[in-house]
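Enquirer: My file is coords.cif. It has mmCIF, C-alpha atoms and all ligand atoms:
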```
data_coords
#
loop_
_atom_site.label_atom_id
_atom_site.label_comp_id
_atom_site.auth_asym_id
_atom_site.auth_seq_id
_atom_site.Cartn_x
_atom_site.Cartn_y
_atom_site.Cartn_z
CA MET A 119 -68.44 75.54 -69.25
CA ALA A 120 -68.71 79.05 -67.76
CA SER A 121 -66.64 79.44 -64.65
CA GLU A 122 -68.65 79.03 -61.46
CA ASN A 123 -66.19 80.94 -59.38
CA HIS A 124 -66.27 84.63 -60.10
CA GLY A 125 -62.68 84.93 -61.16
CA PRO A 126 -61.60 86.70 -64.32
CA THR A 127 -63.14 85.62 -67.62
CA ASP A 128 -60.84 83.56 -69.83
CA LEU A 129 -60.92 85.43 -73.13
CA TYR A 130 -60.01 82.18 -74.94
CA ASN A 131 -63.41 80.88 -73.84
CA LEU A 132 -65.28 83.56 -75.75
CA SER A 133 -66.30 83.35 -79.39
CA ARG A 134 -65.84 86.50 -81.42
CA ALA A 135 -69.58 87.15 -81.08
CA GLN A 136 -69.43 86.69 -77.31
CA LEU A 137 -66.48 89.06 -77.04
CA ARG A 138 -68.46 91.62 -79.03
CA GLU A 139 -71.46 91.20 -76.74
CA ARG A 140 -69.30 91.60 -73.68
CA LEU A 141 -67.76 94.82 -74.96
CA THR A 142 -71.12 96.11 -76.17
CA ALA A 143 -72.48 95.60 -72.65
CA TRP A 144 -69.59 97.72 -71.41
CA GLY A 145 -70.44 100.40 -73.95
CA TYR A 146 -67.78 99.77 -76.59
CA SER A 147 -68.47 99.33 -80.28
CA ASP A 148 -67.60 96.26 -82.38
CA TYR A 149 -64.48 98.07 -83.49
CA TYR A 150 -62.94 97.59 -80.05
CA ALA A 151 -63.90 93.92 -79.91
CA GLY A 152 -62.11 93.59 -83.25
CA LEU A 153 -58.95 95.12 -81.78
CA VAL A 154 -58.99 92.76 -78.81
CA TRP A 155 -59.70 89.72 -81.02
CA SER A 156 -56.87 90.67 -83.30
CA ALA A 157 -54.50 91.16 -80.35
CA LEU A 158 -55.42 87.69 -79.09
CA TYR A 159 -55.28 85.73 -82.31
CA ARG A 160 -53.28 87.77 -84.82
CA ASP A 161 -50.63 89.18 -82.50
CA LEU A 162 -50.93 86.17 -80.15
CA SER A 163 -50.61 88.63 -77.29
CA LEU A 164 -51.06 87.35 -73.75
CA GLU A 165 -51.91 90.90 -72.69
CA PRO A 166 -54.53 91.96 -75.20
CA TRP A 167 -55.46 94.97 -73.07
CA ALA A 168 -52.14 96.48 -74.12
CA ALA A 169 -53.18 96.52 -77.78
CA ASP A 170 -52.89 99.81 -79.64
CA GLY A 171 -56.03 101.89 -79.99
CA LEU A 172 -57.89 100.80 -76.84
CA ARG A 173 -59.26 103.47 -74.53
CA PRO A 174 -57.67 103.61 -71.05
CA GLU A 175 -60.93 102.65 -69.25
CA LEU A 176 -61.31 99.65 -71.50
CA ARG A 177 -57.73 98.61 -70.83
CA GLU A 178 -58.36 98.79 -67.12
CA ARG A 179 -61.58 96.89 -67.33
CA LEU A 180 -60.04 94.14 -69.45
CA ALA A 181 -56.95 93.90 -67.29
CA ALA A 182 -59.06 93.67 -64.12
CA GLY A 183 -61.77 91.31 -65.31
CA THR A 184 -60.25 89.06 -67.95
CA VAL A 185 -57.23 86.92 -68.70
CA ALA A 186 -55.82 85.35 -71.82
CA GLY A 187 -55.74 81.91 -70.23
CA ALA A 188 -52.29 80.80 -71.36
CA LEU A 189 -51.24 77.44 -69.94
CA PRO A 190 -47.75 77.41 -68.42
CA ALA A 191 -45.40 74.71 -69.65
CA ARG A 192 -44.34 72.54 -66.72
CA GLY A 193 -41.87 70.70 -68.88
CA HIS A 194 -41.24 69.28 -72.27
CA VAL A 195 -39.62 66.38 -74.05
CA ASP A 196 -37.86 66.75 -77.39
CA SER A 197 -37.40 63.96 -79.85
CA ALA A 198 -33.73 63.29 -80.53
CA ASP A 199 -33.84 64.81 -84.00
CA GLY A 200 -35.64 67.93 -82.81
CA HIS A 201 -38.69 67.48 -85.00
CA THR A 202 -41.15 66.99 -82.19
CA ARG A 203 -41.61 68.68 -78.85
CA LYS A 204 -44.14 67.41 -76.37
CA PHE A 205 -45.26 69.84 -73.66
CA LEU A 206 -46.83 69.20 -70.32
CA LEU A 207 -49.10 72.20 -69.78
CA GLY A 208 -50.48 73.08 -66.35
CA LEU A 209 -54.15 73.87 -65.79
CA THR A 210 -55.44 76.25 -63.13
CA ASP A 211 -56.79 73.37 -61.03
CA GLY A 212 -53.33 71.82 -60.78
CA GLN A 213 -53.88 69.11 -63.38
CA ALA A 214 -51.78 68.83 -66.52
CA ILE A 215 -52.32 67.95 -70.17
CA GLU A 216 -50.10 67.21 -73.13
CA THR A 217 -49.74 69.23 -76.28
CA VAL A 218 -47.34 68.30 -79.05
CA LEU A 219 -45.65 70.47 -81.64
CA MET A 220 -44.49 68.65 -84.75
CA TYR A 221 -42.20 70.50 -87.10
CA PHE A 222 -42.67 69.30 -90.62
CA ARG A 223 -41.31 71.90 -92.99
CA GLY A 224 -44.17 74.10 -94.18
CA ARG A 225 -46.75 72.12 -92.30
CA ALA A 226 -46.13 72.58 -88.63
CA THR A 227 -48.69 70.65 -86.63
CA ALA A 228 -50.19 71.03 -83.17
CA CYS A 229 -51.50 67.89 -81.50
CA VAL A 230 -54.03 69.03 -78.97
CA SER A 231 -55.83 67.48 -75.96
CA THR A 232 -59.57 67.79 -75.35
CA GLN A 233 -59.90 66.22 -71.90
CA VAL A 234 -57.82 65.45 -68.82
CA GLY A 235 -57.72 61.68 -69.03
CA CYS A 236 -60.35 59.81 -71.00
CA ALA A 237 -63.43 57.77 -70.18
CA MET A 238 -63.14 55.39 -73.12
CA GLY A 239 -60.61 53.00 -71.63
CA CYS A 240 -58.76 51.75 -74.72
CA VAL A 241 -56.42 49.19 -73.18
CA PHE A 242 -53.23 50.25 -74.98
CA CYS A 243 -53.62 54.00 -74.41
CA ALA A 244 -51.80 55.82 -71.60
CA THR A 245 -54.60 58.40 -71.39
CA GLY A 246 -57.23 55.66 -71.21
CA GLN A 247 -55.24 54.05 -68.42
CA MET A 248 -55.55 57.30 -66.41
CA GLY A 249 -59.35 57.22 -66.48
CA PHE A 250 -61.49 60.32 -66.94
CA ARG A 251 -60.72 63.38 -64.86
CA ARG A 252 -62.56 66.21 -66.59
CA HIS A 253 -63.43 67.92 -69.85
CA LEU A 254 -61.28 70.80 -71.01
CA THR A 255 -62.98 74.12 -71.58
CA ALA A 256 -62.96 75.63 -75.05
CA GLY A 257 -60.47 78.15 -73.70
CA GLU A 258 -58.09 75.42 -72.54
CA ILE A 259 -58.20 73.86 -76.00
CA VAL A 260 -57.63 77.22 -77.70
CA ALA A 261 -54.76 77.97 -75.29
CA GLN A 262 -52.89 74.87 -76.49
CA VAL A 263 -53.11 76.04 -80.08
CA VAL A 264 -51.96 79.53 -79.13
CA HIS A 265 -49.06 78.05 -77.14
CA VAL A 266 -47.80 76.21 -80.22
CA ALA A 267 -48.52 79.08 -82.59
CA ARG A 268 -46.49 81.47 -80.40
CA LEU A 269 -43.49 79.17 -80.44
CA LEU A 270 -43.68 78.81 -84.17
CA ARG A 271 -44.05 82.55 -84.60
CA ALA A 272 -40.84 83.03 -82.63
CA ARG A 273 -39.15 80.83 -85.23
CA GLY A 274 -40.72 82.73 -88.08
CA GLU A 275 -43.11 79.92 -88.94
CA ALA A 276 -46.86 79.58 -89.02
CA LEU A 277 -49.04 76.84 -87.65
CA ARG A 278 -50.74 74.93 -90.44
CA ASN A 279 -52.25 71.73 -89.08
CA ILE A 280 -54.13 70.83 -85.95
CA VAL A 281 -54.79 67.23 -84.97
CA LEU A 282 -57.13 66.45 -82.08
CA MET A 283 -55.10 63.40 -81.13
CA GLY A 284 -53.87 64.39 -77.71
CA MET A 285 -55.44 63.30 -74.46
CA GLY A 286 -59.15 62.65 -74.45
CA GLU A 287 -62.03 61.95 -76.78
CA PRO A 288 -63.09 65.08 -78.66
CA LEU A 289 -66.61 63.88 -79.43
CA HIS A 290 -67.18 63.20 -75.72
CA ASN A 291 -66.52 66.93 -75.21
CA TYR A 292 -68.33 68.04 -78.33
CA ASP A 293 -69.44 71.58 -77.51
CA ALA A 294 -66.14 72.81 -76.09
CA THR A 295 -64.21 71.17 -78.92
CA MET A 296 -66.36 72.78 -81.62
CA ALA A 297 -66.27 76.16 -79.92
CA ALA A 298 -62.47 75.95 -79.81
CA LEU A 299 -62.30 74.95 -83.47
CA ASP A 300 -64.56 77.85 -84.45
CA THR A 301 -62.16 80.21 -82.69
CA VAL A 302 -58.97 78.86 -84.23
CA MET A 303 -60.55 78.74 -87.71
CA ASP A 304 -61.82 82.32 -87.49
CA HIS A 305 -60.52 84.17 -90.50
CA ARG A 306 -59.79 87.32 -88.50
CA GLY A 307 -57.56 85.42 -86.15
CA LEU A 308 -55.44 82.26 -86.39
CA ALA A 309 -57.34 81.32 -89.56
CA VAL A 310 -56.37 77.64 -89.48
CA ALA A 311 -58.00 76.10 -92.56
CA PRO A 312 -60.61 73.42 -91.76
CA ARG A 313 -59.04 71.01 -94.24
CA PHE A 314 -55.92 71.09 -92.08
CA ILE A 315 -57.77 70.16 -88.91
CA THR A 316 -58.13 66.45 -88.14
CA LEU A 317 -60.55 65.28 -85.49
CA SER A 318 -59.72 61.79 -84.28
CA THR A 319 -62.46 59.85 -82.52
CA VAL A 320 -62.72 56.41 -80.99
CA GLY A 321 -66.05 56.17 -82.83
CA VAL A 322 -68.65 58.06 -80.82
CA VAL A 323 -71.47 57.52 -83.30
CA PRO A 324 -73.85 60.28 -82.10
CA GLY A 325 -70.95 62.72 -82.35
CA ILE A 326 -70.14 61.67 -85.92
CA ARG A 327 -73.82 62.08 -86.83
CA ARG A 328 -73.80 65.54 -85.31
CA LEU A 329 -70.66 66.50 -87.23
CA THR A 330 -72.46 65.39 -90.36
CA GLU A 331 -75.69 67.27 -89.59
CA GLU A 332 -73.76 70.42 -88.75
CA ARG A 333 -71.57 69.89 -91.81
CA ARG A 334 -68.42 70.52 -89.81
CA PRO A 335 -65.67 70.91 -92.36
CA VAL A 336 -62.94 69.05 -90.46
CA ARG A 337 -61.12 65.89 -91.51
CA LEU A 338 -62.51 62.89 -89.70
CA ALA A 339 -60.24 60.12 -88.43
CA VAL A 340 -61.77 57.09 -86.74
CA SER A 341 -59.73 54.82 -84.47
CA LEU A 342 -60.68 51.32 -85.49
CA HIS A 343 -58.00 48.84 -84.30
CA GLY A 344 -60.33 45.89 -84.95
CA ALA A 345 -62.55 44.94 -87.87
CA THR A 346 -65.04 42.74 -86.03
CA ASP A 347 -67.01 43.88 -82.97
CA GLU A 348 -65.56 41.13 -80.84
CA GLU A 349 -61.93 41.80 -81.70
CA ARG A 350 -62.36 45.53 -81.52
CA ALA A 351 -64.07 45.43 -78.12
CA ARG A 352 -61.04 43.68 -76.61
CA LEU A 353 -58.96 46.78 -77.36
CA VAL A 354 -61.56 49.54 -77.53
CA PRO A 355 -64.39 49.09 -74.97
CA PRO A 356 -66.74 51.64 -76.64
CA ALA A 357 -67.04 49.12 -79.48
CA ARG A 358 -69.71 47.42 -77.36
CA ARG A 359 -71.80 50.56 -77.24
CA TRP A 360 -71.39 51.57 -80.88
CA PRO A 361 -71.06 48.45 -83.02
CA LEU A 362 -69.16 48.58 -86.30
CA ALA A 363 -72.30 48.42 -88.43
CA GLU A 364 -73.51 51.67 -86.88
CA LEU A 365 -70.07 53.25 -86.83
CA ILE A 366 -69.26 52.54 -90.46
CA GLY A 367 -72.81 53.58 -91.41
CA ALA A 368 -72.22 56.94 -89.72
CA CYS A 369 -68.87 57.27 -91.52
CA ARG A 370 -70.50 56.54 -94.88
CA ALA A 371 -73.14 59.21 -94.22
CA TYR A 372 -70.42 61.69 -93.24
CA SER A 373 -68.37 60.87 -96.31
CA GLU A 374 -71.33 61.15 -98.68
CA THR A 375 -72.79 64.30 -97.13
CA LEU A 376 -69.52 66.18 -96.97
CA GLY A 377 -67.89 64.62 -100.01
CA ARG A 378 -64.94 63.69 -97.82
CA ARG A 379 -62.63 60.78 -97.42
CA VAL A 380 -62.55 59.24 -93.94
CA PHE A 381 -59.29 58.25 -92.27
CA PHE A 382 -59.08 55.13 -90.14
CA GLU A 383 -56.40 54.55 -87.54
CA TRP A 384 -55.13 51.14 -86.65
CA ALA A 385 -52.52 50.58 -83.93
CA LEU A 386 -50.72 47.42 -85.01
CA ILE A 387 -50.16 45.15 -82.02
CA GLU A 388 -48.11 42.03 -82.49
CA GLY A 389 -50.23 38.91 -82.50
CA GLN A 390 -53.39 40.86 -81.62
CA ASN A 391 -54.71 42.61 -84.69
CA ASP A 392 -51.93 42.38 -87.26
CA GLY A 393 -52.67 39.11 -89.07
CA ALA A 394 -53.86 38.52 -92.62
CA ALA A 395 -57.36 37.58 -91.42
CA GLN A 396 -57.75 40.98 -89.72
CA ALA A 397 -56.42 42.79 -92.78
CA HIS A 398 -58.96 40.99 -94.99
CA ALA A 399 -61.75 41.78 -92.53
CA LEU A 400 -60.71 45.43 -92.59
CA GLY A 401 -60.63 45.46 -96.38
CA ARG A 402 -64.16 44.03 -96.51
CA LEU A 403 -65.46 46.34 -93.78
CA LEU A 404 -64.38 49.49 -95.58
CA GLY A 405 -65.41 48.31 -99.04
CA GLY A 406 -66.95 51.07 -101.14
CA LEU A 407 -66.03 53.80 -98.68
CA GLU A 408 -63.64 56.60 -99.60
CA ALA A 409 -61.15 55.66 -96.95
CA HIS A 410 -57.49 55.85 -96.02
CA VAL A 411 -55.92 53.70 -93.30
CA ASN A 412 -53.17 54.99 -91.01
CA LEU A 413 -51.22 52.11 -89.52
CA ILE A 414 -49.40 52.97 -86.31
CA PRO A 415 -47.21 50.27 -84.79
CA LEU A 416 -48.11 50.26 -81.09
CA ASN A 417 -46.39 52.76 -78.88
CA PRO A 418 -45.70 50.71 -75.74
CA THR A 419 -47.23 52.06 -72.51
CA LEU A 420 -46.67 51.05 -68.91
CA GLY A 421 -50.17 49.71 -68.42
CA TYR A 422 -50.28 47.33 -71.38
CA ASP A 423 -47.82 44.65 -72.33
CA GLY A 424 -48.53 44.47 -76.07
CA ARG A 425 -45.70 44.97 -78.54
CA PRO A 426 -45.54 46.82 -81.85
CA THR A 427 -45.78 44.81 -85.05
CA ALA A 428 -42.42 44.47 -86.80
CA GLY A 429 -41.70 45.90 -90.26
CA PRO A 430 -42.25 42.84 -92.47
CA ALA A 431 -45.62 42.07 -90.88
CA VAL A 432 -46.63 45.70 -91.26
CA ARG A 433 -45.87 45.52 -94.97
CA ALA A 434 -47.77 42.25 -95.31
CA PHE A 435 -50.79 43.85 -93.64
CA GLN A 436 -50.57 46.78 -96.03
CA SER A 437 -50.39 44.59 -99.08
CA VAL A 438 -53.60 42.82 -98.10
CA LEU A 439 -55.30 46.20 -97.78
CA ALA A 440 -53.98 47.10 -101.23
CA GLU A 441 -55.79 44.05 -102.65
CA TYR A 442 -59.01 45.80 -101.63
CA GLY A 443 -57.89 49.06 -103.22
CA LEU A 444 -57.52 50.51 -99.75
CA PRO A 445 -54.71 53.07 -99.48
CA SER A 446 -52.68 53.05 -96.28
CA THR A 447 -49.78 54.88 -94.66
CA VAL A 448 -47.46 53.57 -91.98
CA ARG A 449 -46.72 56.07 -89.29
CA GLN A 450 -43.78 54.33 -87.71
CA ARG A 451 -41.58 56.50 -85.54
CA ARG A 452 -42.79 59.75 -86.93
CA GLY A 453 -44.05 62.78 -85.13
CA ILE A 454 -47.60 61.58 -85.19
CA ASP A 455 -46.46 58.43 -83.47
CA VAL A 456 -45.16 60.47 -80.54
CA ALA A 457 -48.53 62.19 -80.46
CA ALA A 458 -50.27 58.84 -80.47
CA GLY A 459 -48.52 58.15 -77.21
CA CYS A 460 -50.26 61.14 -75.66
CA GLY A 461 -50.85 60.65 -71.99
CA GLN A 462 -47.45 59.08 -71.56
CA LEU A 463 -45.73 62.23 -70.36
CA ALA A 464 -48.54 62.99 -67.95
CA THR A 465 -48.68 59.48 -66.54
CA GLU A 466 -45.11 58.21 -66.70
CA ARG A 467 -43.23 61.34 -65.80
CA GLY A 468 -45.63 62.50 -63.15
CA GLY A 469 -45.44 66.04 -64.42
CA ALA A 470 -41.69 66.41 -63.88
CA GLY A 471 -40.05 68.90 -66.20
CA GLU A 472 -37.79 66.56 -68.05
CA GLN A 473 -36.03 67.45 -71.18
CA GLY A 474 -34.06 65.77 -73.86
CA GLY A 475 -35.44 62.23 -73.57
CA GLY A 476 -37.86 60.71 -75.98
CA GLY A 477 -35.21 59.17 -78.21
CA GLU A 478 -37.04 55.89 -78.17
CA ARG A 479 -39.94 57.54 -79.96
CA THR A 480 -37.80 59.41 -82.40
CA PRO A 481 -39.66 60.67 -85.41
CA SER A 482 -37.86 60.50 -88.75
CA VAL A 483 -39.62 63.17 -90.69
N1 LIG A 501 -59.63 59.76 -78.41
C1 LIG A 501 -59.34 59.95 -79.76
C2 LIG A 501 -58.16 60.86 -80.02
C3 LIG A 501 -56.97 60.71 -79.12
S1 LIG A 501 -56.01 59.25 -79.32
C4 LIG A 501 -59.14 58.60 -80.46
O1 LIG A 501 -59.05 57.60 -79.77
O2 LIG A 501 -59.12 58.58 -81.69
C5 LIG A 501 -55.23 59.48 -80.91
C6 LIG A 501 -54.83 58.21 -81.59
O3 LIG A 501 -53.74 57.58 -80.92
C7 LIG A 501 -55.93 57.17 -81.66
O4 LIG A 501 -55.99 56.58 -82.95
C8 LIG A 501 -55.50 56.16 -80.65
O5 LIG A 501 -56.06 54.90 -80.86
C9 LIG A 501 -54.01 56.19 -80.83
N2 LIG A 501 -53.23 55.63 -79.73
C10 LIG A 501 -53.45 55.80 -78.40
N3 LIG A 501 -52.52 55.15 -77.69
C11 LIG A 501 -51.70 54.54 -78.59
C12 LIG A 501 -50.55 53.71 -78.47
N4 LIG A 501 -50.08 53.40 -77.28
N5 LIG A 501 -49.97 53.27 -79.61
C13 LIG A 501 -50.45 53.62 -80.82
N6 LIG A 501 -51.53 54.39 -81.00
C14 LIG A 501 -52.16 54.85 -79.89
FE1 LIG A 502 -59.47 57.82 -75.07
FE2 LIG A 502 -58.56 57.88 -77.58
FE3 LIG A 502 -57.06 56.90 -75.57
FE4 LIG A 502 -59.18 55.53 -76.41
S1 LIG A 502 -57.32 56.01 -77.59
S2 LIG A 502 -58.62 55.90 -74.27
S3 LIG A 502 -60.59 57.18 -76.88
S4 LIG A 502 -57.73 58.99 -75.81
#
```
Turn the structure described in the file into structure tokens.
Expert:
Amino acid sequence: MASENHGPTDLYNLSRAQLRERLTAWGYSDYYAGLVWSALYRDLSLEPWAADGLRPELRERLAAGTVAGALPARGHVDSADGHTRKFLLGLTDGQAIETVLMYFRGRATACVSTQVGCAMGCVFCATGQMGFRRHLTAGEIVAQVVHVARLLRARGEALRNIVLMGMGEPLHNYDATMAALDTVMDHRGLAVAPRFITLSTVGVVPGIRRLTEERRPVRLAVSLHGATDEERARLVPPARRWPLAELIGACRAYSETLGRRVFFEWALIEGQNDGAAQAHALGRLLGGLEAHVNLIPLNPTLGYDGRPTAGPAVRAFQSVLAEYGLPSTVRQRRGIDVAAGCGQLATERGGAGEQGGGGERTPSV
């Protein structure tokens, strides 16, 4: 993901070790790399060369050859109750991505994108409807977290949670995503705790296996939406490539190896996947697995005419799951539900800097 043009290096793209190497090559000890790292991720400075204690030549060299690749906000939408703000952030190649800040008292959450568009083509998803444009660099993923953390800092709050539920499929951009997570988890910087980081995947089985082998300490959420291969494939095309038997097998291995519960997401679409038969199939599918189901009534998008399941049917679905001892949470009209609509700002609003809308997706935190 190194830049092919010879422009300035995006410091957000460098791990702490890489920053150290860079400064060592310039003749500066680890101490100076520590100062720059701390300026970037403790002070959240966009001009880390201005940090106290740096030598003038180092300042000059950093200022001339590097940037802290902050992504300018081209616009934002607030939920009516002010609990959620969705940003459209501009990339240097002119494209834009969405990042969401959810204010839950004491557990502020950043919902972050990993790609521009997505190759997976889930029919109900605004990002899927865009198609795949490109992977984000690690630096562009880190920059989203810093963007949110800076806003929170200005309000005297700290970022606690990160959810990789913005645009794109994180396990399709594995290396950049993991590099970004390593940076934001670094204890000398943002120090976001791994248990507060949720990686949501459509079910890229090789990626889940790799997470397991590498013992990545993040929370795993798998977007299911169907409990048989046939039904799932109608909504989630990658179901054809990675059948449920393999997917759930990979989830079991992850859960057993890491001693972790796995979260499953299910967008409830009226008349599509919200009946008792599907709930029973889901209960059977997840039998014996330490699992939790997040039910998200569909967020309507322009490119798909499905409708969200209404309250009573949602509760009926939940009570079937309960018969299988399967815990579930309904995420209706909450912050996460705005995040689940990621891609909508980028596609529907064409990048215009609108403000104040979003009432129809009002979270009630
Ligand atoms: N690509 C990853 C992460 C981004 S999508 C994944 O698919 O898991 C984050 C979550 O939002 C997924 O569970 C996805 O299925 C869900 N989602 C996408 N569009 C939605 C919509 N219109 N309504 C409800 N949930 C949606
Ligand atoms: Fe991609 Fe996730 Fe949207 Fe599917 S739901 S198209 S995997 S972003």
Enquirer: What residues have any atom no more than 10 Å from ligand LIG 502 (chain A) when counting all atoms listed in the file, and can you list them as number ranges by chain?
Expert: A: 231-250, 282-290, 318-322, 340-343, 353-356, 385, 458-461
Enquirer: Quick one: of A:Ala168, A:Ala267, A:Ile315, A:Ala181, who's nearest to A:Pro126, counting all atoms listed in the file?
Expert: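 For A:Pro126, the nearest of the given residues is A:Ala181.
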Enquirer: Box for stretch 239-245 of chain A - axis-aligned, 6 Å on each of the six sides, all listed atoms - centre and size in Å to one decimal, as JSON.
Expert:
```
{"center_x": -56.2, "center_y": 53.8, "center_z": -73.2, "size_x": 20.8, "size_y": 21.2, "size_z": 15.6}
```
Enquirer: Give me the residues within 8 Å of A:Trp167 as a ChimeraX atom specification, counting only C-alpha atoms and dropping any in the same chain fewer than 2 places off.
Expert: /A:154,165,169,172,176-178,180-181
Enquirer: Closest to ligand LIG 501 (chain A) among A:Leu308, A:Leu416, A:Leu189, A:Ala394, using only C-alpha atoms and all ligand atoms?
Expert: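 Ranked by minimum distance to ligand LIG 501 (chain A), first place goes to A:Leu416.
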Enquirer: Dig up all the protein and nucleic acid residues within 12 Å of (-57.6, 75.1, -60.7) in the file frame, using only C-alpha atoms, and format them as a list in words.
Expert: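 Those within range, by chain then number, are Ser121, Glu122, Asn123, Gly125, Gly187, Leu189, Gly208, Leu209, Thr210, Asp211, Gly212, Gln213, Ala214, Arg252, Leu254 and Glu258 of chain A.
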Enquirer: Rounded to one decimal, what separation in Å do you get between atom CA of A:Thr346 and atom CA of A:Leu386?
Expert: 15.1 Å
Enquirer: I'd like the contact shell of A:Ala309 - 10 Å cut-off, only C-alpha atoms, skipping same-chain residues fewer than 3 positions apart - returned as a ChimeraX atom specification.
Expert: /A:159-160,277-278,300-306,312
Enquirer: Of the candidates A:Arg225, A:Arg138, A:Ile387, A:Thr217, which one gets nearest to A:Pro418 if we count all atoms listed in the file?
Expert: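 For A:Pro418, the nearest of the given residues is A:Ile387.
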Enquirer: With all atoms listed in the file as the counted atoms, please give the residues lying no more than 8 Å from A:Gly344, apart from itself and same-chain residues fewer than 4 positions off, as a ChimeraX atom specification.
Expert: /A:349-351,353,384,391,396,400
Enquirer: From the set A:Asp347, A:Glu408, A:Asp392, A:Asp170, which residue has the shortest atom-to-atom contact distance to A:Cys369, counting only C-alpha atoms?
Expert: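 With only C-alpha atoms as the atom set, the closest residue is A:Glu408.
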Enquirer: From the list A:Ala395, A:Ala311, A:Ile414, A:Leu132, which residue is nearest ligand LIG 501 (chain A) when using all atoms listed in the file?
Expert: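 Once distances to ligand LIG 501 (chain A) are computed over all atoms listed in the file, the minimum belongs to A:Ile414.
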